[in-house]
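Next comes structure-v9.cif, with mmCIF, C-alpha atoms (C1' of nucleotides).
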data_upload
#
loop_
_atom_site.label_atom_id
_atom_site.label_comp_id
_atom_site.auth_asym_id
_atom_site.auth_seq_id
_atom_site.Cartn_x
_atom_site.Cartn_y
_atom_site.Cartn_z
CA MET A 341 3.57 -10.72 -7.33
CA ASP A 342 2.01 -9.66 -4.05
CA ALA A 343 0.57 -6.14 -4.18
CA GLN A 344 2.41 -5.10 -1.04
CA LEU A 345 5.79 -6.07 -2.39
CA LYS A 346 5.13 -4.04 -5.54
CA ARG A 347 4.82 -0.82 -3.64
CA GLY A 348 7.99 1.17 -3.73
CA ILE A 349 9.19 -0.44 -6.95
CA LEU A 350 6.27 0.24 -9.27
CA ASP A 351 6.89 3.96 -9.60
CA VAL A 352 10.60 3.36 -10.23
CA CYS A 353 9.65 0.77 -12.86
CA VAL A 354 7.48 3.27 -14.67
CA LEU A 355 10.20 5.93 -14.51
CA THR A 356 12.65 3.38 -15.91
CA ALA A 357 10.28 2.65 -18.79
CA ILE A 358 10.41 6.28 -19.91
CA LYS A 359 14.00 7.02 -18.95
CA ASN A 360 15.80 6.35 -22.22
CA GLU A 361 12.93 7.35 -24.49
CA ASP A 362 9.69 9.25 -23.95
CA SER A 363 6.77 6.85 -23.88
CA TYR A 364 3.00 6.76 -23.42
CA GLY A 365 0.61 4.79 -21.24
CA TYR A 366 -0.33 2.02 -23.57
CA LYS A 367 3.28 1.36 -24.53
CA ILE A 368 4.54 1.52 -20.95
CA ILE A 369 2.12 -1.26 -20.01
CA LYS A 370 3.39 -3.43 -22.86
CA ASP A 371 7.00 -2.80 -21.84
CA VAL A 372 6.60 -3.32 -18.12
CA LYS A 373 4.08 -6.19 -18.10
CA PRO A 374 6.56 -8.93 -19.07
CA VAL A 375 8.59 -8.16 -15.96
CA LEU A 376 5.87 -6.95 -13.60
CA GLU A 377 2.10 -7.31 -13.87
CA LEU A 378 0.57 -3.87 -14.20
CA SER A 379 -3.04 -2.94 -14.95
CA GLU A 380 -4.22 0.19 -16.71
CA SER A 381 -5.88 1.59 -13.61
CA THR A 382 -2.66 1.15 -11.66
CA LEU A 383 -0.49 2.72 -14.33
CA TYR A 384 -2.61 5.81 -14.89
CA THR A 385 -2.82 6.33 -11.14
CA ILE A 386 0.97 6.16 -10.96
CA LEU A 387 1.50 8.43 -13.95
CA LYS A 388 -0.79 11.02 -12.43
CA ARG A 389 1.08 10.84 -9.13
CA LEU A 390 4.48 11.08 -10.84
CA GLU A 391 3.29 14.14 -12.72
CA GLU A 392 1.96 15.78 -9.55
CA THR A 393 5.29 15.20 -7.82
CA HIS A 394 7.19 16.56 -10.84
CA MET A 395 8.99 13.31 -11.60
CA LEU A 396 7.88 13.64 -15.21
CA VAL A 397 6.27 16.09 -17.61
CA VAL A 398 3.52 15.38 -20.15
CA ARG A 399 3.08 16.29 -23.78
CA THR A 400 -0.16 15.48 -25.59
CA ILE A 401 -0.23 14.71 -29.30
CA ILE A 402 -2.80 13.30 -31.71
CA HIS A 403 -1.68 10.07 -33.34
CA ASP A 404 -3.93 8.33 -35.91
CA GLY A 405 -6.89 10.34 -34.59
CA ARG A 406 -6.28 9.14 -31.04
CA ILE A 407 -4.96 11.14 -28.14
CA ARG A 408 -1.53 10.04 -27.03
CA LYS A 409 0.22 11.47 -23.99
CA TYR A 410 3.98 11.25 -24.00
CA TYR A 411 5.75 11.23 -20.67
CA HIS A 412 9.22 12.69 -20.27
CA ILE A 413 11.34 12.11 -17.18
CA THR A 414 12.66 15.13 -15.22
CA GLU A 415 15.83 15.61 -13.17
CA LYS A 416 13.80 14.82 -10.08
CA GLY A 417 12.61 11.61 -11.71
CA LEU A 418 16.17 10.61 -12.50
CA LYS A 419 17.13 11.32 -8.90
CA ARG A 420 14.28 9.11 -7.75
CA ILE A 421 15.85 6.21 -9.64
CA GLU A 422 19.25 6.95 -8.09
CA ASP A 423 17.72 7.11 -4.62
CA PHE A 424 16.10 3.76 -5.27
CA LYS A 425 19.50 2.17 -5.78
CA ASN A 426 20.43 3.13 -2.22
CA GLU A 427 17.10 1.91 -0.92
CA TRP A 428 17.77 -1.36 -2.65
CA LYS A 429 20.99 -1.76 -0.67
CA GLU A 430 19.02 -1.42 2.54
CA LEU A 431 16.52 -3.93 1.19
CA MET A 432 19.34 -6.37 0.51
CA ASP A 433 20.43 -6.09 4.15
CA VAL A 434 16.91 -6.98 5.25
CA TYR A 435 16.92 -9.88 2.83
CA SER A 436 20.22 -11.11 4.31
CA PHE A 437 18.67 -10.92 7.76
CA ILE A 438 15.76 -13.07 6.62
CA MET A 439 18.03 -15.58 4.89
CA GLU A 440 20.58 -15.91 7.69
CA GLU A 441 17.88 -16.62 10.23
CA ASN A 442 16.56 -19.31 7.91
CA GLN A 443 20.05 -20.80 7.42
CA MET B 832 13.59 3.18 4.40
CA ASP B 833 10.52 4.31 2.48
CA ALA B 834 7.28 3.02 4.00
CA GLN B 835 6.07 1.65 0.68
CA LEU B 836 9.17 -0.43 0.13
CA LYS B 837 8.75 -1.96 3.59
CA ARG B 838 5.39 -3.44 2.78
CA GLY B 839 5.70 -7.05 1.81
CA ILE B 840 8.91 -7.54 3.77
CA LEU B 841 7.91 -6.32 7.23
CA ASP B 842 5.66 -9.26 8.03
CA VAL B 843 8.28 -11.73 6.82
CA CYS B 844 10.85 -9.93 8.97
CA VAL B 845 8.71 -10.34 12.05
CA LEU B 846 8.08 -14.01 11.26
CA THR B 847 11.83 -14.48 10.85
CA ALA B 848 12.43 -12.88 14.26
CA ILE B 849 10.32 -15.55 15.94
CA LYS B 850 11.20 -18.45 13.67
CA ASN B 851 14.08 -20.04 15.58
CA GLU B 852 12.88 -19.10 19.04
CA ASP B 853 9.58 -17.83 20.42
CA SER B 854 9.79 -14.14 21.15
CA TYR B 855 7.71 -11.21 22.42
CA GLY B 856 6.94 -7.71 21.15
CA TYR B 857 9.53 -5.74 23.01
CA LYS B 858 12.31 -8.15 22.11
CA ILE B 859 11.25 -8.40 18.46
CA ILE B 860 11.61 -4.64 18.13
CA LYS B 861 15.13 -4.76 19.57
CA ASP B 862 16.08 -7.60 17.23
CA VAL B 863 14.60 -6.16 14.05
CA LYS B 864 15.39 -2.46 14.54
CA PRO B 865 19.12 -2.72 13.69
CA VAL B 866 18.24 -4.05 10.26
CA LEU B 867 14.89 -2.31 9.65
CA GLU B 868 13.33 0.63 11.47
CA LEU B 869 10.15 -0.55 13.17
CA SER B 870 7.94 1.33 15.64
CA GLU B 871 5.83 -0.23 18.37
CA SER B 872 2.58 0.77 16.72
CA THR B 873 3.71 -0.87 13.51
CA LEU B 874 4.85 -4.06 15.19
CA TYR B 875 1.73 -4.62 17.26
CA THR B 876 -0.39 -3.98 14.18
CA ILE B 877 1.60 -6.62 12.34
CA LEU B 878 1.53 -9.13 15.20
CA LYS B 879 -2.25 -8.79 15.41
CA ARG B 880 -2.59 -9.33 11.67
CA LEU B 881 -0.27 -12.34 11.72
CA GLU B 882 -2.31 -13.84 14.52
CA GLU B 883 -5.59 -13.24 12.71
CA THR B 884 -4.21 -14.93 9.61
CA HIS B 885 -2.89 -17.86 11.67
CA MET B 886 0.77 -17.25 10.84
CA LEU B 887 1.53 -17.43 14.55
CA VAL B 888 -0.02 -18.35 17.89
CA VAL B 889 0.21 -16.45 21.17
CA ARG B 890 0.95 -17.52 24.73
CA THR B 891 0.68 -15.03 27.59
CA ILE B 892 2.87 -15.29 30.68
CA ILE B 893 3.67 -13.05 33.63
CA HIS B 894 7.34 -12.14 33.85
CA ASP B 895 8.60 -9.97 36.73
CA GLY B 896 5.05 -8.78 37.35
CA ARG B 897 4.66 -7.64 33.73
CA ILE B 898 2.58 -9.26 31.03
CA ARG B 899 4.64 -10.81 28.30
CA LYS B 900 3.10 -12.34 25.18
CA TYR B 901 5.20 -14.96 23.44
CA TYR B 902 4.63 -15.52 19.75
CA HIS B 903 5.17 -18.91 18.15
CA ILE B 904 5.31 -19.42 14.39
CA THR B 905 2.91 -21.90 12.74
CA GLU B 906 3.27 -24.08 9.64
CA LYS B 907 1.44 -21.41 7.70
CA GLY B 908 3.90 -18.83 8.96
CA LEU B 909 6.83 -20.97 7.86
CA LYS B 910 5.21 -21.35 4.45
CA ARG B 911 4.87 -17.58 4.23
CA ILE B 912 8.64 -17.29 4.58
CA GLU B 913 9.16 -19.91 1.88
CA ASP B 914 6.74 -18.14 -0.44
CA PHE B 915 8.64 -14.94 0.13
CA LYS B 916 11.79 -16.52 -1.26
CA ASN B 917 10.00 -17.06 -4.55
CA GLU B 918 8.59 -13.56 -4.51
CA TRP B 919 12.11 -12.31 -3.99
CA LYS B 920 13.21 -13.99 -7.23
CA GLU B 921 10.51 -12.06 -9.08
CA LEU B 922 11.64 -8.91 -7.34
CA MET B 923 15.20 -9.55 -8.51
CA ASP B 924 13.93 -9.75 -12.10
CA VAL B 925 12.29 -6.36 -11.69
CA TYR B 926 15.50 -5.01 -10.21
CA SER B 927 17.43 -6.31 -13.21
CA PHE B 928 14.95 -4.57 -15.50
CA ILE B 929 15.54 -1.29 -13.67
CA MET B 930 19.33 -1.70 -13.71
CA GLU B 931 19.63 -2.77 -17.35
CA GLU B 932 17.66 0.23 -18.53
CA ASN B 933 19.98 2.42 -16.46
CA GLN B 934 23.09 0.62 -17.78
"C1'" DT C 881 -21.30 -4.18 -43.00
"C1'" DC C 882 -21.10 -5.64 -38.59
"C1'" DG C 883 -19.04 -7.06 -34.55
"C1'" DT C 884 -14.86 -7.54 -32.08
"C1'" DA C 885 -10.18 -6.57 -30.98
"C1'" DA C 886 -6.78 -3.24 -30.46
"C1'" DT C 887 -5.39 1.33 -29.31
"C1'" DA C 888 -5.60 4.98 -25.77
"C1'" DC C 889 -7.21 7.58 -22.35
"C1'" DA C 890 -9.67 8.32 -17.43
"C1'" DT C 891 -12.23 7.93 -12.70
"C1'" DC C 892 -14.10 5.94 -8.54
"C1'" DA C 893 -14.67 2.99 -4.62
"C1'" DT C 894 -12.47 -0.28 -1.81
"C1'" DA C 895 -9.12 -2.71 0.88
"C1'" DT C 896 -4.65 -2.89 2.84
"C1'" DC C 897 -1.27 -1.22 5.75
"C1'" DA C 898 2.71 1.77 8.04
"C1'" DC C 899 2.98 4.95 11.52
"C1'" DG C 900 2.53 8.90 14.76
"C1'" DA C 901 0.09 10.13 18.78
"C1'" DG C 902 -1.59 8.78 22.71
"C1'" DG C 903 -2.74 5.53 26.52
"C1'" DT C 904 -1.95 1.95 30.70
"C1'" DA C 905 0.97 -0.30 34.08
"C1'" DT C 906 5.12 -2.11 36.53
"C1'" DT C 907 10.06 -2.30 37.78
"C1'" DG C 908 14.71 -0.38 38.08
"C1'" DT C 909 17.77 3.45 39.10
"C1'" DG C 910 20.18 7.84 40.06
"C1'" DC D 395 11.01 11.08 43.72
"C1'" DA D 396 11.40 11.53 38.96
"C1'" DC D 397 12.62 9.30 34.92
"C1'" DA D 398 14.05 5.50 32.08
"C1'" DA D 399 13.16 0.97 30.82
"C1'" DT D 400 10.08 -2.79 30.19
"C1'" DA D 401 5.73 -4.27 28.07
"C1'" DC D 402 1.45 -4.00 26.37
"C1'" DC D 403 -2.50 -1.58 23.34
"C1'" DT D 404 -5.78 1.48 20.12
"C1'" DC D 405 -7.20 4.98 16.96
"C1'" DG D 406 -7.01 8.00 13.06
"C1'" DT D 407 -4.70 9.29 8.93
"C1'" DG D 408 -2.45 9.07 4.63
"C1'" DA D 409 -0.63 6.45 0.85
"C1'" DT D 410 -1.68 3.51 -2.77
"C1'" DA D 411 -2.71 -0.95 -5.79
"C1'" DT D 412 -6.54 -2.62 -8.18
"C1'" DG D 413 -11.06 -4.10 -10.17
"C1'" DA D 414 -14.91 -2.19 -12.30
"C1'" DT D 415 -16.43 0.92 -15.33
"C1'" DG D 416 -16.57 4.46 -18.87
"C1'" DT D 417 -15.27 7.08 -23.40
"C1'" DA D 418 -13.62 7.18 -28.13
"C1'" DT D 419 -11.24 5.84 -32.43
"C1'" DT D 420 -9.13 2.63 -35.80
"C1'" DA D 421 -8.21 -1.99 -37.77
"C1'" DC D 422 -9.79 -6.20 -39.42
"C1'" DG D 423 -11.88 -10.63 -40.22
"C1'" DA D 424 -16.39 -13.00 -41.05
#
Now that the file is in, can you turn its structure into structure tokens?
Amino acid sequence: MDAQLKRGILDVCVLTAIKNEDSYGYKIIKDVKPVLELSESTLYTILKRLEETHMLVVRTIIHDGRIRKYYHITEKGLKRIEDFKNEWKELMDVYSFIMEENQ
Amino acid sequence: MDAQLKRGILDVCVLTAIKNEDSYGYKIIKDVKPVLELSESTLYTILKRLEETHMLVVRTIIHDGRIRKYYHITEKGLKRIEDFKNEWKELMDVYSFIMEENQ
DNA sequence: TCGTAATACATCATATCACGAGGTATTGTG
DNA sequence: CACAATACCTCGTGATATGATGTATTACGA
């Protein structure tokens, strides 16, 4: 998918991937990739941003001798998902505009 | 609407606004604004980009003593709209992913 | 045992792009 | 005569997706 179209949904996608169960970078990529192409550099950039904006909190553990950082969604992160649903409605209106004008 | 979410749809919106009938900047803003907030600086940036990428061609006329630049969509511009329809399908899959995980 | 894949993290530079602020010029109107 | 409307434009800034690159450990087949 076009990079521009991804903006505005990528962060919500990542939040969704950790919503029901805490997850970590490597796993998030595996979960999200089937539905939306997502590179490591992109994901870690997003995770950092989501942490800075308090959408999630991080917990570091050692698993099989490797660092693993678990991400847990916050109230603000959950609200971000809810807000997205309203944004999506607006997006649907724009889509209707595009479709109507193209019969 | 969030600026990030607009990316990827704004250019298609503008192309749609000139698809059925050639139009000019000032009118495009009036037509698109009810469905998607769009400032002059944003529009003229987009129009310039669409011209550079041969999505449209420009014709300048004088109307009531004022310059008016009419924009006409090209084959490439029409294809861009068609491509967007396919991108939208992918976007719907992502939306489903977000919704399913949030029951 | 040796190389390669898989697991798991991170940073940096670059390109793209929306948008506010600011600018120019003419016509219409109260 | 001032202000809105019409109509165009540029520049700087901030946000952000992504490829390239780097570090380190474990698993596994040849």
(request) Expand the PyMOL selection byres ((chain C) within 9 of (chain B)) into the individual residues it matches in the shown file, reporting them as a VMD selection string. (result) chain C and resid 897 to 900 905 to 907
(request) Dump as an MDAnalysis selection string the residues of chain A that approach chain B to within 8 Å, counting only C-alpha atoms. (result) chainID A and resid 341:349 352:353 356:357 359:360 375:376 427 430 433:434 437:438 441:442
(message) the PyMOL selection byres ((chain D) within 9 of (chain B)) - which residues does that actually catch in the file I just gave you? List them as a list in words.
(response) DT400, DA401, DC402, DC403, DA409 and DT410 of chain D
(message) So, with only C-alpha atoms (C1' of nucleotides) as the atoms that count, which of C:DA901, C:DA888, C:DA893, C:DC882 lies closest to DT420 (chain D)?
(response) C:DA888
(request) Would you be able to write out as a list in words which residues have an atom within 10 Å of (-6.7, -2.5, -31.2) in the file's coordinates, counting all atoms listed in the file? (result) DT884, DA885, DA886, DT887 and DA888 of chain C; DT419, DT420, DA421 and DC422 of chain D
(request) Please measure the separation of C1' of DC405 (chain D) and C1' of DG902 (chain C), giving the value in Å to one decimal. (result) 8.9 Å
(request) Rounded to one decimal place, report the CA of Asp423 (chain A)-CA of Asp842 (chain B) distance in Å. (result) 23.9 Å
(request) Write out as a PyMOL selection string which residues come within 10 Å of DG883 (chain C) when counting all atoms listed in the file, dropping same-chain ones fewer than 2 positions away. (result) (chain C and resi 881+885) or (chain D and resi 423-424)
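Interatomic distance, CA of His394 (chain A) against CA of Ser363 (chain A): 16.3 Å.
Distances to Thr414 (chain A) were evaluated for A:Lys370, A:Asp362, A:Ile402, A:Lys388 using all atoms listed in the file, and the minimum falls at A:Asp362.
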(request) Mind listing whatever residues come within 12 Å of the point (-15.5, -2.2, -7.7)? Use all atoms listed in the file, file coordinates, and give them as a list in words. (result) Ser381 of chain A; DT891, DC892, DA893, DT894 and DA895 of chain C; DT412, DG413, DA414 and DT415 of chain D
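Here the PyMOL selection byres ((chain D and resi 396) around 12) matches the residues C:DT909, C:DG910, D:DC395, D:DC397, D:DA398.
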Please define a box with edges along x, y and z of the file around all atoms of region 373-390 of chain A given in the file, extend it by 6 Å on each side, and return its centre and edge lengths in Å to one decimal, as AutoDock Vina command-line options.
--center_x 1.4 --center_y 1.1 --center_z -14.1 --size_x 26.5 --size_y 32.0 --size_z 21.9
